Every structure is written in structure tokens, then in C-alpha cells.
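One file, target25.txt, carrying compact mmCIF, C-alpha atoms:
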```txt
# COMPACT_ATOMS: atom_id res chain seq x y z
CA MET A 659 137.49 4.47 91.40
CA PRO A 660 138.56 0.87 90.75
CA PRO A 661 136.86 -0.66 87.68
CA ASN A 662 135.29 -3.48 89.66
CA LEU A 663 133.76 -1.04 92.15
CA LEU A 664 132.48 1.22 89.35
CA GLN A 665 130.95 -1.76 87.60
CA ALA A 666 129.29 -2.93 90.82
CA LEU A 667 127.92 0.55 91.44
CA LYS A 668 126.47 0.77 87.94
CA LYS A 669 124.92 -2.67 88.37
CA SER A 670 123.44 -1.62 91.72
CA GLU A 671 122.03 1.58 90.23
CA GLU A 672 120.52 -0.40 87.35
CA GLN A 673 118.87 -2.83 89.77
CA TYR A 674 117.56 0.10 91.82
CA ARG A 675 116.19 1.74 88.67
CA LEU A 676 114.45 -1.47 87.62
CA LEU A 677 112.98 -1.85 91.08
CA VAL A 678 111.62 1.68 91.14
CA GLU A 679 110.38 1.61 87.57
CA ASN A 680 108.47 -1.63 88.10
CA ALA A 681 107.21 -1.03 91.64
CA ASN A 682 103.54 -1.70 92.46
CA GLU A 683 103.34 1.58 94.35
CA ALA A 684 103.87 5.13 93.20
CA ILE A 685 107.36 6.45 94.09
CA ILE A 686 107.76 10.21 93.98
CA ILE A 687 110.41 12.69 94.98
CA ALA A 688 108.86 16.05 95.93
CA GLN A 689 110.74 19.20 96.68
CA ASP A 690 109.54 22.76 97.37
CA GLY A 691 105.97 21.95 96.36
CA LYS A 692 106.84 20.26 93.05
CA HIS A 693 107.44 16.74 91.80
CA LYS A 694 111.07 16.11 90.88
CA TYR A 695 110.64 12.45 89.97
CA VAL A 696 107.68 10.13 89.39
CA ASN A 697 107.78 6.44 88.49
CA PRO A 698 105.40 4.75 85.99
CA MET A 699 102.97 3.68 88.72
CA ALA A 700 102.59 7.33 89.78
CA VAL A 701 101.66 8.18 86.18
CA GLU A 702 99.09 5.38 86.22
CA ILE A 703 97.52 6.39 89.52
CA PHE A 704 97.34 10.14 88.79
CA GLY A 705 96.32 9.71 85.17
CA TYR A 706 98.63 12.52 84.09
CA SER A 707 101.73 12.16 81.94
CA GLU A 708 105.16 12.30 83.54
CA LYS A 709 105.73 15.74 81.97
CA GLU A 710 102.45 17.07 83.42
CA LEU A 711 103.23 15.71 86.88
CA LEU A 712 106.67 17.35 86.86
CA SER A 713 105.49 20.70 85.51
CA LYS A 714 102.71 21.60 87.92
CA PRO A 715 102.67 22.24 91.68
CA ILE A 716 101.79 19.16 93.73
CA THR A 717 98.63 20.84 95.00
CA SER A 718 97.25 20.84 91.45
CA PHE A 719 96.57 17.12 91.74
CA PHE A 720 94.98 16.95 95.19
CA HIS A 721 91.32 17.02 96.15
CA PRO A 722 90.34 20.58 97.20
CA ASP A 723 89.39 19.38 100.68
CA ASP A 724 92.78 17.72 101.24
CA SER A 725 95.15 20.03 99.30
CA ALA A 726 96.00 22.39 102.17
CA MET A 727 96.72 19.54 104.59
CA VAL A 728 99.09 17.71 102.21
CA ALA A 729 100.93 20.93 101.31
CA ASP A 730 101.28 21.85 104.98
CA TYR A 731 102.74 18.42 105.85
CA HIS A 732 105.12 18.66 102.85
CA PHE A 733 106.67 22.01 103.73
CA LYS A 734 106.87 21.28 107.46
CA ARG A 735 108.64 18.00 106.76
CA LEU A 736 111.19 19.83 104.59
CA LYS A 737 111.87 22.08 107.55
CA GLY A 738 112.41 19.06 109.79
CA GLU A 739 109.21 19.58 111.81
CA ASN A 740 107.38 16.62 113.31
CA VAL A 741 104.41 15.72 111.08
CA PRO A 742 102.67 12.39 110.41
CA GLN A 743 104.73 10.05 108.26
CA ARG A 744 101.72 8.01 107.12
CA TYR A 745 98.32 9.42 106.28
CA ILE A 746 95.46 9.13 103.81
CA PHE A 747 94.22 11.76 101.38
CA ARG A 748 92.40 12.12 98.07
CA LEU A 749 93.76 13.07 94.67
CA VAL A 750 91.86 13.91 91.51
CA THR A 751 92.90 12.21 88.26
CA LYS A 752 93.09 13.92 84.90
CA SER A 753 89.72 12.38 83.98
CA GLY A 754 88.17 13.91 87.11
CA LEU A 755 87.94 10.73 89.21
CA THR A 756 88.64 10.94 92.91
CA ARG A 757 91.06 8.33 94.25
CA TRP A 758 91.95 7.57 97.83
CA VAL A 759 95.66 7.05 98.45
CA GLU A 760 97.75 6.12 101.45
CA THR A 761 101.16 7.76 101.61
CA ASN A 762 104.38 7.04 103.48
CA ASN A 763 106.80 9.99 103.52
CA VAL A 764 110.53 10.01 104.30
CA LEU A 765 112.76 13.11 104.47
CA SER A 766 115.58 12.71 101.96
CA GLU A 767 117.75 14.79 99.57
CA TRP A 768 117.57 15.74 95.91
CA GLU A 769 120.52 17.44 94.27
CA GLY A 770 121.93 18.35 97.66
CA GLN A 771 118.71 19.94 98.98
CA PRO A 772 116.03 18.58 101.35
CA ALA A 773 113.36 16.60 99.55
CA VAL A 774 110.61 14.14 100.43
CA LEU A 775 110.66 10.56 99.20
CA VAL A 776 107.00 9.59 98.81
CA PHE A 777 105.61 6.06 98.58
CA LEU A 778 101.95 6.14 97.56
CA VAL A 779 99.40 3.30 97.26
CA ASP A 780 95.95 3.49 95.67
CA ILE A 781 93.43 2.35 98.34
CA THR A 782 90.27 3.47 96.54
CA GLU A 783 88.74 -0.01 96.47
CA ARG A 784 89.54 -0.52 100.13
CA LYS A 785 87.94 2.80 101.05
CA GLN A 786 84.88 1.98 98.98
CA ALA A 787 84.61 -1.35 100.76
CA GLU A 788 84.97 0.44 104.09
CA GLU A 789 82.28 2.91 103.12
CA ILE A 790 79.98 0.10 102.06
CA LEU A 791 80.69 -1.66 105.35
CA LYS A 792 80.13 1.56 107.26
CA GLU A 793 76.83 2.08 105.46
CA SER A 794 75.89 -1.51 106.12
CA GLU A 795 76.76 -1.19 109.79
CA GLU A 796 74.86 2.07 110.02
CA ARG A 797 71.88 0.46 108.31
CA PHE A 798 72.06 -2.52 110.68
CA ARG A 799 72.37 -0.19 113.66
CA TYR A 800 69.28 1.72 112.54
CA ILE A 801 67.31 -1.47 111.92
CA ALA A 802 68.48 -3.01 115.21
CA GLU A 803 67.78 0.09 117.27
CA PHE A 804 64.21 0.34 116.00
CA SER A 805 63.51 -3.36 115.51
CA PRO A 806 60.28 -4.76 117.03
CA LEU A 807 62.35 -7.86 117.91
CA SER A 808 64.93 -8.13 120.66
CA ILE A 809 68.44 -8.55 119.22
CA SER A 810 71.79 -9.52 120.68
CA ILE A 811 75.22 -10.09 119.17
CA ILE A 812 77.36 -12.69 120.93
CA SER A 813 81.03 -13.30 120.26
CA GLY A 814 82.36 -16.75 119.50
CA GLU A 815 83.67 -16.84 123.08
CA GLY A 816 80.18 -16.23 124.50
CA LYS A 817 80.54 -12.54 125.34
CA TYR A 818 77.47 -10.35 124.84
CA GLU A 819 78.68 -7.45 122.68
CA TYR A 820 75.38 -5.76 121.82
CA LEU A 821 71.79 -5.60 123.06
CA ASN A 822 69.25 -3.47 121.24
CA PRO A 823 66.71 -1.28 123.10
CA LYS A 824 63.90 -3.80 122.52
CA PHE A 825 65.91 -6.48 124.31
CA VAL A 826 66.23 -4.26 127.40
CA GLU A 827 62.53 -3.37 127.17
CA VAL A 828 61.33 -6.99 126.93
CA PHE A 829 63.69 -8.65 129.42
CA GLY A 830 64.81 -5.76 131.64
CA TYR A 831 68.46 -6.88 131.47
CA ASP A 832 71.11 -4.54 130.07
CA ILE A 833 74.65 -5.35 128.97
CA GLY A 834 75.90 -4.88 132.52
CA ASP A 835 73.54 -7.57 133.81
CA ILE A 836 74.50 -10.19 131.25
CA PRO A 837 78.11 -9.67 130.10
CA THR A 838 78.37 -13.35 129.15
CA GLY A 839 76.16 -16.17 127.93
CA LYS A 840 76.77 -18.01 131.20
CA ARG A 841 75.27 -15.14 133.18
CA TRP A 842 72.31 -14.91 130.77
CA PHE A 843 71.45 -18.57 131.33
CA GLU A 844 71.68 -18.16 135.11
CA LEU A 845 69.26 -15.24 135.11
CA ALA A 846 66.93 -16.23 132.28
CA TYR A 847 66.56 -19.86 133.40
CA PRO A 848 66.89 -19.93 137.22
CA ASP A 849 65.58 -23.49 137.50
CA THR A 850 68.66 -25.73 137.30
CA LEU A 851 67.04 -28.56 135.34
CA TYR A 852 65.36 -26.24 132.84
CA ARG A 853 68.60 -24.28 132.45
CA ARG A 854 70.48 -27.47 131.63
CA LYS A 855 67.83 -28.35 129.04
CA ALA A 856 68.10 -24.89 127.44
CA MET A 857 71.91 -24.92 127.44
CA ASP A 858 72.07 -28.39 125.91
CA ALA A 859 69.70 -27.28 123.14
CA TRP A 860 71.80 -24.16 122.42
CA LYS A 861 75.06 -26.10 122.37
CA SER A 862 73.59 -28.74 120.09
CA ASP A 863 72.28 -26.11 117.68
CA PHE A 864 75.52 -24.13 117.60
CA LYS A 865 77.55 -27.26 116.81
CA GLU A 866 75.33 -28.07 113.85
CA MET A 867 74.85 -24.49 112.72
CA ASP A 868 76.15 -23.34 109.36
CA LYS A 869 76.44 -19.73 108.27
CA ASN A 870 73.12 -18.01 107.65
CA VAL A 871 71.14 -21.03 108.89
CA ILE A 872 68.47 -20.18 111.46
CA LEU A 873 67.45 -22.73 114.10
CA PRO A 874 64.42 -21.46 116.06
CA ARG A 875 63.73 -22.63 119.61
CA ALA A 876 61.07 -21.59 122.14
CA PHE A 877 61.95 -21.22 125.83
CA THR A 878 60.14 -19.93 128.89
CA THR A 879 62.37 -17.05 129.97
CA THR A 880 62.50 -15.26 133.32
CA CYS A 881 62.77 -11.48 133.04
CA LYS A 882 64.53 -9.13 135.44
CA ASP A 883 61.24 -8.27 137.21
CA GLY A 884 60.53 -11.98 137.79
CA SER A 885 57.85 -12.31 135.12
CA LYS A 886 58.00 -15.24 132.72
CA LYS A 887 57.61 -14.97 128.97
CA LYS A 888 57.52 -17.48 126.15
CA ILE A 889 60.32 -16.47 123.80
CA MET A 890 61.13 -17.75 120.31
CA ILE A 891 64.91 -17.56 119.92
CA ARG A 892 66.53 -17.59 116.47
CA PRO A 893 70.36 -17.64 116.41
CA VAL A 894 72.34 -17.32 113.19
CA LEU A 895 76.10 -17.66 112.66
CA MET A 896 77.53 -14.63 110.86
CA ASP A 897 80.54 -14.55 108.52
CA ASN A 898 82.71 -13.04 111.26
CA GLY A 899 82.12 -16.01 113.58
CA LYS A 900 79.77 -14.10 115.87
CA PHE A 901 76.15 -15.00 116.58
CA LEU A 902 73.24 -12.72 115.77
CA VAL A 903 70.27 -13.76 117.92
CA THR A 904 66.71 -12.48 117.68
CA TYR A 905 64.19 -12.98 120.47
CA GLU A 906 60.45 -12.86 119.71
CA ASP A 907 58.00 -12.55 122.57
CA ILE A 908 55.29 -15.11 121.69
CA THR A 909 53.66 -15.16 125.14
CA VAL A 910 50.31 -13.80 123.93
CA GLN A 911 50.41 -16.03 120.86
CA LYS A 912 51.11 -19.11 122.98
CA GLN A 913 48.35 -18.19 125.41
CA ALA A 914 45.95 -17.86 122.48
CA GLU A 915 47.10 -21.21 121.10
CA GLU A 916 46.68 -22.85 124.50
CA LYS A 917 43.22 -21.33 124.83
CA LEU A 918 42.28 -22.52 121.36
CA LYS A 919 43.66 -25.96 122.13
CA PHE A 920 41.73 -26.00 125.43
CA LEU A 921 38.52 -24.99 123.68
CA SER A 922 38.98 -27.63 120.99
CA PHE A 923 39.47 -30.43 123.53
CA ASN A 924 37.47 -29.21 126.54
CA ASP A 925 33.82 -28.76 127.30
CA SER A 926 33.19 -25.07 128.00
CA LEU A 927 30.43 -25.78 130.56
CA THR A 928 32.01 -28.42 132.81
CA ARG A 929 35.70 -27.70 131.93
CA LEU A 930 36.11 -31.45 131.46
CA TYR A 931 37.60 -32.89 128.29
CA ASN A 932 35.16 -33.22 125.41
CA ARG A 933 34.33 -36.10 123.09
CA ALA A 934 36.95 -35.07 120.51
CA PHE A 935 39.65 -35.39 123.17
CA PHE A 936 38.20 -38.73 124.31
CA GLU A 937 38.48 -40.09 120.77
CA GLU A 938 42.08 -38.88 120.44
CA GLU A 939 43.08 -40.30 123.81
CA ILE A 940 41.54 -43.69 123.25
CA LYS A 941 43.69 -43.99 120.10
CA ARG A 942 46.77 -43.05 122.10
CA LEU A 943 45.98 -45.46 124.92
CA ASP A 944 45.06 -48.34 122.64
CA THR A 945 48.36 -50.16 123.21
CA LYS A 946 49.35 -53.39 124.92
CA ARG A 947 51.19 -51.41 127.60
CA GLN A 948 47.94 -49.73 128.73
CA LEU A 949 45.93 -52.95 129.07
CA PRO A 950 43.58 -53.64 130.67
CA LEU A 951 41.92 -50.45 129.43
CA SER A 952 38.55 -49.80 131.03
CA ILE A 953 35.82 -47.40 129.99
CA ILE A 954 33.00 -46.02 132.13
CA LEU A 955 30.01 -44.37 130.49
CA GLY A 956 27.44 -42.48 132.56
CA ASP A 957 24.07 -40.86 131.90
CA ILE A 958 22.96 -38.28 134.46
CA ASN A 959 19.38 -38.78 135.65
CA GLY A 960 16.65 -36.15 135.64
CA LEU A 961 18.40 -33.41 133.65
CA LYS A 962 15.33 -32.80 131.46
CA LEU A 963 13.09 -32.47 134.53
CA VAL A 964 15.46 -29.94 136.05
CA ASN A 965 15.64 -27.96 132.79
CA ASP A 966 11.85 -28.00 132.37
CA THR A 967 11.19 -27.04 135.99
CA PHE A 968 13.95 -24.65 136.95
CA GLY A 969 15.34 -23.62 133.57
CA HIS A 970 18.51 -24.46 131.71
CA GLY A 971 20.66 -22.36 134.04
CA GLU A 972 19.91 -24.74 136.89
CA GLY A 973 20.37 -27.65 134.50
CA ASP A 974 23.88 -26.36 133.74
CA ASN A 975 24.64 -26.22 137.47
CA PHE A 976 23.38 -29.80 137.70
CA LEU A 977 25.93 -30.86 135.06
CA ARG A 978 28.75 -28.91 136.72
CA LYS A 979 28.05 -30.55 140.07
CA MET A 980 28.22 -33.98 138.49
CA ALA A 981 31.50 -33.05 136.79
CA GLY A 982 32.88 -32.05 140.20
CA ILE A 983 31.86 -35.39 141.73
CA LEU A 984 33.54 -37.31 138.91
CA GLU A 985 36.78 -35.33 139.33
CA LYS A 986 36.82 -35.99 143.10
CA THR A 987 36.07 -39.70 142.91
CA CYS A 988 38.28 -40.66 139.96
CA ARG A 989 42.03 -41.07 140.10
CA ASN A 990 44.60 -38.60 138.74
CA GLU A 991 45.47 -40.86 135.82
CA ASP A 992 41.83 -41.30 134.79
CA ILE A 993 40.58 -39.20 131.87
CA ILE A 994 37.12 -37.72 132.43
CA CYS A 995 35.14 -36.38 129.47
CA ARG A 996 31.73 -34.95 128.82
CA TRP A 997 30.49 -37.37 126.17
CA GLY A 998 27.69 -35.04 125.13
CA GLY A 999 24.37 -33.76 126.49
CA ASP A 1000 23.82 -35.51 129.84
CA GLU A 1001 26.42 -38.26 129.25
CA PHE A 1002 29.94 -38.61 130.58
CA ALA A 1003 32.81 -40.97 129.66
CA ILE A 1004 35.86 -41.99 131.69
CA LEU A 1005 39.02 -43.68 130.37
CA LEU A 1006 40.88 -45.81 132.91
CA PRO A 1007 44.27 -47.04 131.62
CA LYS A 1008 45.82 -50.12 133.24
CA THR A 1009 42.57 -50.77 135.11
CA ASN A 1010 40.64 -54.06 135.23
CA GLU A 1011 36.87 -54.28 135.17
CA LYS A 1012 36.53 -55.00 138.88
CA THR A 1013 38.39 -51.82 139.77
CA ALA A 1014 36.30 -49.90 137.23
CA TRP A 1015 33.07 -51.13 138.93
CA ASN A 1016 34.51 -50.08 142.30
CA ILE A 1017 35.03 -46.58 140.92
CA CYS A 1018 31.43 -46.63 139.68
CA GLU A 1019 30.30 -47.43 143.24
CA ARG A 1020 32.42 -44.55 144.58
CA ILE A 1021 30.71 -42.19 142.14
CA LYS A 1022 27.26 -43.37 143.24
CA ASP A 1023 28.19 -43.04 146.92
CA ALA A 1024 29.46 -39.51 146.34
CA CYS A 1025 26.17 -38.64 144.60
CA ALA A 1026 24.20 -40.03 147.55
CA LEU A 1027 26.08 -37.75 149.93
CA THR A 1028 24.64 -34.72 148.12
CA ALA A 1029 21.07 -35.77 148.98
CA GLY A 1030 19.27 -33.08 150.96
CA SER A 1031 21.75 -30.35 150.09
CA ASP A 1032 20.15 -29.70 146.70
CA PRO A 1033 16.49 -29.48 145.70
CA VAL A 1034 17.03 -32.31 143.20
CA PRO A 1035 19.00 -35.48 144.04
CA LEU A 1036 22.08 -36.01 141.90
CA THR A 1037 22.22 -39.53 140.40
CA ILE A 1038 23.85 -41.11 137.39
CA SER A 1039 23.45 -44.45 135.62
CA LEU A 1040 26.81 -46.08 134.86
CA GLY A 1041 28.13 -48.88 132.73
CA THR A 1042 31.67 -50.16 132.26
CA ALA A 1043 33.63 -52.56 130.08
CA SER A 1044 37.32 -53.46 129.73
CA LYS A 1045 39.66 -54.25 126.89
CA THR A 1046 42.03 -57.01 127.96
CA GLU A 1047 43.43 -58.21 124.61
CA THR A 1048 44.97 -56.18 121.81
CA VAL A 1049 42.78 -57.94 119.24
CA GLN A 1050 39.63 -56.50 120.81
CA GLU A 1051 38.18 -53.48 119.04
CA THR A 1052 37.79 -50.41 121.25
CA ALA A 1053 34.57 -49.49 119.45
CA LEU A 1054 33.02 -52.75 120.68
CA ILE A 1055 34.24 -52.08 124.23
CA ILE A 1056 32.58 -48.66 124.12
CA ARG A 1057 29.39 -50.25 122.80
CA GLU A 1058 29.44 -52.81 125.61
CA ALA A 1059 29.87 -50.13 128.28
CA GLU A 1060 27.07 -48.11 126.67
CA ASP A 1061 24.71 -51.12 126.62
CA ARG A 1062 25.39 -51.81 130.30
CA MET A 1063 24.79 -48.16 131.13
CA TYR A 1064 21.41 -48.16 129.37
CA ARG A 1065 20.42 -51.46 131.04
CA ASN A 1066 21.27 -49.97 134.41
CA LYS A 1067 19.36 -46.82 133.51
CA LEU A 1068 16.23 -48.86 132.72
CA THR A 1069 16.58 -50.60 136.06
CA GLU A 1070 17.25 -47.39 137.99
CA SER A 1071 15.10 -44.94 136.04
CA LYS A 1072 11.80 -45.59 137.83
CA SER A 1073 13.34 -45.17 141.26
CA ALA A 1074 15.44 -42.19 140.15
CA SER A 1075 12.50 -40.45 138.50
CA SER A 1076 10.34 -41.00 141.58
CA ASP A 1077 13.00 -39.55 143.87
CA ILE A 1078 13.53 -36.56 141.57
CA ILE A 1079 9.82 -35.85 141.24
CA SER A 1080 9.31 -36.14 145.01
CA SER A 1081 12.14 -33.69 145.56
CA LEU A 1082 10.71 -31.33 143.01
CA GLN A 1083 7.31 -31.53 144.69
CA ARG A 1084 8.81 -30.69 148.05
CA SER A 1085 10.91 -27.91 146.61
CA LEU A 1086 8.06 -26.33 144.74
CA GLY A 1087 5.70 -26.84 147.66
CA GLU A 1088 7.92 -24.67 149.80
CA LYS A 1089 8.19 -21.91 147.16
CA THR A 1090 4.76 -21.65 145.56
CA ASN A 1091 1.06 -21.80 146.29
CA GLU A 1092 0.51 -23.90 143.19
CA THR A 1093 1.84 -27.09 144.77
CA LYS A 1094 -1.19 -29.21 143.97
CA GLU A 1095 -1.27 -28.22 140.32
CA HIS A 1096 2.44 -28.98 139.89
CA ALA A 1097 2.14 -32.21 141.88
CA SER A 1098 -0.64 -33.34 139.61
CA GLY A 1099 1.50 -32.63 136.62
CA PHE A 1100 4.45 -34.49 138.12
CA LYS A 1101 2.30 -37.51 138.91
CA SER A 1102 1.28 -37.57 135.26
CA MET A 1103 4.94 -37.37 134.25
CA GLN A 1104 5.76 -40.13 136.72
CA LYS A 1105 3.13 -42.42 135.20
CA LYS A 1106 4.47 -41.79 131.74
CA SER A 1107 8.05 -42.48 132.81
CA ALA A 1108 6.99 -45.71 134.52
CA ALA A 1109 5.04 -46.90 131.47
CA PRO A 1110 6.72 -49.62 129.39
```
Show this structure as C-alpha cells.
Amino acid sequence: MPPNLLQALKKSEEQYRLLVENANEAIIIAQDGKHKYVNPMAVEIFGYSEKELLSKPITSFFHPDDSAMVADYHFKRLKGENVPQRYIFRLVTKSGLTRWVETNNVLSEWEGQPAVLVFLVDITERKQAEEILKESEERFRYIAEFSPLSISIISGEGKYEYLNPKFVEVFGYDIGDIPTGKRWFELAYPDTLYRRKAMDAWKSDFKEMDKNVILPRAFTTTCKDGSKKKIMIRPVLMDNGKFLVTYEDITVQKQAEEKLKFLSFNDSLTRLYNRAFFEEEIKRLDTKRQLPLSIILGDINGLKLVNDTFGHGEGDNFLRKMAGILEKTCRNEDIICRWGGDEFAILLPKTNEKTAWNICERIKDACALTAGSDPVPLTISLGTASKTETVQETALIIREAEDRMYRNKLTESKSASSDIISSLQRSLGEKTNETKEHASGFKSMQKKSAAP
């Protein structure tokens, strides 16, 4: 062999030796069930010395559950049979630790006989990470499957990848119904304008969303059976770029809140707004844009006589009838409230005093039309005042309307009381044999009411 060629060969062999000796993976030559060569990395991974690795059968170092499989692949490969080239198995180190390894096997020769060149990588950390992930996924699956909240997982491209059983129970839609976010919006929000509002909100949130940041939103959602539910939606961006979305059915809660809100701002008897709402609204309407702002105050006549004669049940009906008249005669934009007891208040935004007095006349005319249909005539004394300048105090406007109402009541009270007492006399005269006794009592009441 020429000297130059021999020198090149020696250099090549030296480079090969250095490469093998310093490789980051175990390199082994196995033949007939024994190691014939192991590099330093193999010694490190197995934890045995080179001498120990070369002196014992290869099966001595494998996990009992994997030993037979690895030996079977080894001998079949030596025979030229078709077996997996790459696979994963476990070995047991000298200290007793179990390590996961991935192996790549190539049929080769050693000293003129078939042998297996083995490249082996320690993947223990990777397997542990996979196991942790698997446990985490299994834990999530368990939590999701039995969660009291509806859950979906949506890909970054808007594809619905998972719906938990609660989602199907609450909405009725399964993964076949809503394969994409586009289809979900079409079904859940059939109204075009509302759908656009919901989609714009989602898009805005997703653009601003950071990982693990939850942005709750409430939407009225249409279910598969056509029912509508108030749903609190909480999307969160996960590390993998997908969206985990929870859906909480807050329909009952919202209904309770609405009922509580209604009770706090509405009179339970007449169903009109109450004084608390009146005071809130007058603050809201106390702006230049709402001027002139008019206020009507009214005091129903004869409620005490009705309560004393027929009982408070009939008195309540008396109040409800008056509330109905006010609702029919006032405009949609007017705000009608029960001020308290037998008094009512009406807020009229962008309404001058003349128009307010016209509405007062309409109320009186409507009351007059009820004459004869009820045993007691329905009448109310009214007063109104208007705020025309921003510098005027609303409290003084209310006081002015109240003063006018009481002045009108003094003027009208004698006539109203007389009409009410006459009606009561007629009504009782038809129903009882004690007409004279009651009439005498009413005349006494009439004298007292007419007294200064």
C-alpha cells in the first residue's frame, strides 16, 4: 500500500475513532447477544463499566418487561429478517434506575460475521415530560368531561376541536353542528345585527388577548331547540395558540337580578316606577338637552273613603285603575311613577308647561270617562311645573308642581268629596238595608271635609 494512502487511512481511522469516542449518543456493536464494542457515552448511559458491558449478555441490562422484545429483534436482524429499525425500550442502570432509550439499528459486520451497529439515545427526560403531559391531558379530560361549565377548544384557525358533554347538554349543538366558529355564530346568534355585535366583541377581545388572560362577556345565545339563554363566555389563549372557552349559563341569575332591579325601582302594587327610580331619572334628565323638563304631580281623591268603606283591597284596585289611566294618557317617553301613598309623579323630558297642562287635561278627561262604571268616581288633583333654564334647581320645580297640586286639590276637594260620598251612598243603598245610617255618617264626613 502506498505510504500516502496508508497515512490517509490511518488519519481517517483516527478521525472516526475520535468521532465515535466523543459522540453524544451511545454507539454499540452487538453480536450474538453480547456487546462487542461500547463507546464512552454507552458507559455513561448504562452506568456500567466498559468491562461489565462487554462481559454480560445484552439482556442483562434491559428492563424485564422489554428484554424479550429487544433480544428477539436482535437475533432476527442478524438473520436478515425484517424487524423495526427504530424503537423505544427501557434499560436498567447499575444503580437500579430505569432509563428510556431510543435505538436505531443497522445490520453490519464484526470480524467477518454479522453484527448490529446500534445508535442509542437517552430519552428519559422526554418520556417523563410526555408522561406528565399525558397525565395533564388525562386530568384535563376528566375535569372537562365532568365540569359543571360548558367547555370548547377552538384552534387558531377557528375550528372547533372539542366540546365537553355539558356544552352539548346546555346548547344542544354537537361538534357536527358547529365545526367552525363561523357556523357557531350563525346558529347561536341568528339575528344579523346581534351576531355582528357579538363577532366584533370576540374579534376585539382576541386581538388584545394575552396568554392566560380571561376576558368575560355575556351574550344572549340561541340554543338548538330555539330557547334563548344568557351565557357568560370566558375565552383564554393557551400556550399552544388555541383558545379554551368556558360558557356559564347565567340565565337564572340574570332573571333574579332583573327581578331585584325591578323590585328596587318599581312599585309592586301598580307596577309603575317608584320614587327611588324617579329620583334617579330626574338626575339623569337634568341636562340642557332635555329642557324644558316638566313635572306633573298628582294626588288621587277619595282613597281614604274607599279604604274605610270597602277595605284596602278595593283601595288597591282604585290605585291600579289610576295607574292604568296614567299609562294610557301619557306618552311613551314620559316616565310615570308612584310617588307614594295616593300620589303619583310624571317626568316629561323636552316638554313645555303648556303641553304638560294639556296632558293633565287628558288625564282628567280619561278619569271622567270611568264615571258610572265604578261605584266610586276616579279623580285626581294635578299640578305641574317646568324647568326651562339649567340654573333652575329641580327641587324647586318639584316644590312648585307640588304647591300647584295642593292648591288644585283644595279647590277640587269639596266637589270631589261630594261626588264620592254621593256615589258611596248610592252604592251602599243598593247593597244594604242600612242606607240611612251610612248616609248620615257620610253627611257628617262631608261637613267635616267642607269645614275650613
Inset, instruction - Can you pull out every residue within 7 Å of A:Ala1043, counting all atoms listed in the file, but drop anything in the same chain fewer than 3 positions away, and send it as a ChimeraX atom specification? - result: /A:952-954,1011,1055,1058-1059
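Going from atom CA of A:Asp723 over to atom CA of A:Val750, you cover 11.0 Å.
At a cut-off of 12 Å from (103.1, 5.5, 84.2), the residue set is Val678, Glu679, Asn680, Ala681, Asn682, Glu683, Ala684, Ile685, Ile686, Tyr695, Val696, Asn697, Pro698, Met699, Ala700, Val701, Glu702, Ile703, Phe704, Gly705, Tyr706, Ser707, Glu708, Lys709, Glu710 and Leu711 of chain A (counting only C-alpha atoms).
Shortest separation to A:Phe825 among A:Glu783, A:Asp944, A:Glu769, A:Glu906 occurs at residue A:Glu906, atoms counted being all atoms listed in the file.
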Handout entry: Nearby residues (only C-alpha atoms) at most 10 Å from A:Glu815, same-chain spacing under 5 positions excluded, as a ChimeraX atom specification
Key = /A:838-839,899-900
Shell of 8 Å around stretch 724-738 of chain A, all atoms listed in the file, local chain residues under 6 positions omitted, as an NGL selection string:
:A and (689-691 or 716-717 or 747-748 or 765 or 772-774)
Around all the atoms of stretch 766-782 of chain A listed in the file, with 5 Å of room on each side, what axis-aligned box do you get, giving centre and edge lengths in Å to one decimal, as lines of an AutoDock Vina configuration file?
```
center_x = 106.1
center_y = 11.1
center_z = 98.1
size_x = 41.7
size_y = 27.6
size_z = 17.7
```
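Nearest to A:Lys979 of all the residues A:His721, A:Arg784, A:Lys1012, A:Arg929 is A:Arg929, counting all atoms listed in the file.
When all atoms listed in the file are used to measure the gap to A:Ser926, the shortest distance among A:Gly816, A:Gly998, A:Gly834, A:Pro742 belongs to A:Gly998.
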